[in-house]
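Student: I'd like to ask you about the structure that follows.
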Amino acid sequence: MSPDFVAVWVYLSASPLTALTITLVAYLLGDWIYQRSGKIPVLNPVLIAVILITIGLAVTDIDYWTYFEGAQFVHFLLGPATVALAIPVAKLLKTMRGGFGPLVIALVAGSSTAALSAVLIADILQASEQTVLSLAPKSVTTPIAMGIAERIGGLPSLTAVCVIMTGIIGAMIGPYVLDVTRIKSWHARGFAMGLAAHGIGTARAIQINKDAGAFASLAVGLNGLATATLIPIFFYLWQWLTGA
Amino acid sequence: MLVSLTQLLVCQLLGEIFARVLSLAIPGPVVGMGLLLILLLCSQSIPEKLESTAEGILSHLSLLFVPAGVGVVAHLTVLGNEWKAIIGSLVGSTVITVLISGWVLQHLHRGEPDES
C-alpha cells in the first residue's frame with residue numbers, strides 16, 4: 001500500500017460515511033438475493049446483510065463499536081419507527097368489528113407465554129443469568145426489546161441478535177405449526193406470527209394473506225406495549241419473591 | 001413528510017420525558033407510541049400524510065435491524081458457550097408462542113367470515 005492510500009483508509013474507516021454505506025449496500029444485496037430466491041424464509045435479507053457486514057469487518061479489522069458509531073444513524077430510526085407502529089394499529093382498531101376482549105386475552109396469553117417460556121427453557125438448558133434476561137423480550141421488535149433488556153439487566157446488543165434470530169425462526173416454522181394445529185382463521189394466523197416473530201414474521205404473513213398481514217402488524221404493536229409492561233412486572237415480582 | 005416526521009419525533013421525545021420523569025420501566029419510544037395511539041383513536045380520522053410517512057418508514061423496518069444484528073460479532077464468546085441454550089430457548093418458545101396466541105384468538109374471536 002502506498003502511504004497516501006493508507007491515509008485515506010485510516011480516514012475512511014473512522015468516518016460514519018463508510019459504516020452507513022456498507023450497511024445500506026449489504027441490506028440491498030441481501031434484499032436482492034431474497035427477492036431473486038422467490039422469498040425463501042431462510043434467505044432473510046437481515047440475516048444476509050449481517051453475515052456480509054460481519055465478514056467485511058473481520059477482513060478489514062474494524063471493530064464493532066467503530067462500525068456502530070457510523071451505523072447508529074440507521075439504528076436511531078428504530079425509535080420513530082416504533083412510534084409509527086401506532087398508525088396501522090389505530091387504523092385497524094377503528095375499523096374492527098366485534099369486541100376487543102378476545103384480542104386482549106390472546107395478547108396477554110401470547111405475550112406472557114413468549115417471555116416466560118423463553119426464560120424457562122434457557123434456564124433449564126443452563127444459560128447464564130445475563131443470557132436468560134437477554135432472551136426474555138425476544139418476541140418484540142428490536143428497539144422495544146433492547147429497551148426492556150437494558151431495564152432488567154440483560155445485554156441489549158445480545159437481545160438484538162436474539163430478536164432477529166427469533167424473527168427468522170418464526171417466519172420459517174410458524175406457518176407449519178399453525179397448519180399442524182389446524183389454526184385456519186387468517187386473523188388468528190397473522191396475529192400469532194406478528195406476536196411471536198414481530199416485523200420479520202409480519203413480512204411473511206403479508207405475503208400469505210392481506211388480513212393476516214393487518215393482524216400481524218396489530219400484534220407487533222400491541223405485543224410491544226404488553227411486553228414492555230409485563231416483563232418489568234414479572235421481573236420485579238420475581239426479585240421481590242426471591243428476596244434478591 | 002417533514003411535518004409527519006417531526007410529529008413522530010415529538011411523540012418519541014414526549015415518551016422519553018414521561019418515561020424518565022415517572023421512572024417507568026417502559027422504554028420511551030413505546031410510551032410515545034402509546035401517546036400517538038391514544039391521540040389517533042380520539043381523533044376523527046388518521047392524517048393522510050402521517051399515514052404515508054409511517055408506511056414509508058415501516059416498509060424499510062428490516063433495514064433498521066441490521067446495525068444491531070451485526071452486534072453478533074461482539075457476542076461470539078457468549079454465543080459459542082451457550083448456543084445450545086439460546087437456540088433451544090428461541091425455537092421452543094417461538095413454537096409455543098405461535099401455538100398459544102393463534103389458538104386463543106381462533107377460539108374467542110368471531111369477527112371474520114369462515115375461511116374453511
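Residue names in the C-alpha cells use chain letters A, B, ... in the order shown, residue numbers from 1 in each chain, and ligand numbers from 1 in the order shown.
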Select all residues from chain B having any atom no more than 7 Å from an atom of chain A (counting only C-alpha atoms, ignoring ligands), output as a PyMOL selection string.
Tutor: chain B and resi 8-9+12+25-27+29-30+32-33+36-37+40-41+51+54+57-58+62-75+82+85-86+89-91+93-95+97-106+108-109+111+115
Student: Measure the distance from CA of Ser52 (chain B) to CA of Leu5 (chain B) in Å and round it to one decimal.
Tutor: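 Between these atoms lies a distance of 10.6 Å.
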Student: Quick one: everything within 9 Å of Val3 (chain B), counting only C-alpha atoms, minus sequence neighbours fewer than 4 positions away in the same chain. Send it as a ChimeraX atom specification.
Tutor: /B:7-8,49-50
Student: I need the residues from that last selection saved to file as an mmCIF file, in the first residue's frame (with C-alpha atoms), if you can.
Tutor:
data_model
loop_
_atom_site.group_PDB
_atom_site.id
_atom_site.type_symbol
_atom_site.label_atom_id
_atom_site.label_comp_id
_atom_site.auth_asym_id
_atom_site.auth_seq_id
_atom_site.Cartn_x
_atom_site.Cartn_y
_atom_site.Cartn_z
ATOM 1 C CA GLN B 7 -44.779 14.685 14.753
ATOM 2 C CA LEU B 8 -43.291 11.198 15.239
ATOM 3 C CA LYS B 49 -49.565 12.490 5.348
ATOM 4 C CA LEU B 50 -48.792 10.861 8.678
#
Student: So which residues of chain B fall under helix (DSSP H, G or I) by DSSP, listed as a PyMOL selection string?
Tutor: chain B and resi 2-21+28-42+48-59+61-64+66-108
Student: Skip Leu35 (chain B) itself and residues of its chain fewer than 3 positions away, then list as a ChimeraX atom specification all residues within 8 Å of it, counting only C-alpha atoms.
Tutor: /B:11,15,31-32,38-39
Student: Using CA of Lys39 (chain A) and CA of Arg204 (chain A) as the two end points, give the distance in Å to one decimal.
Tutor: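 Atom-to-atom, CA of Lys39 (chain A) to CA of Arg204 (chain A), that is 9.0 Å.
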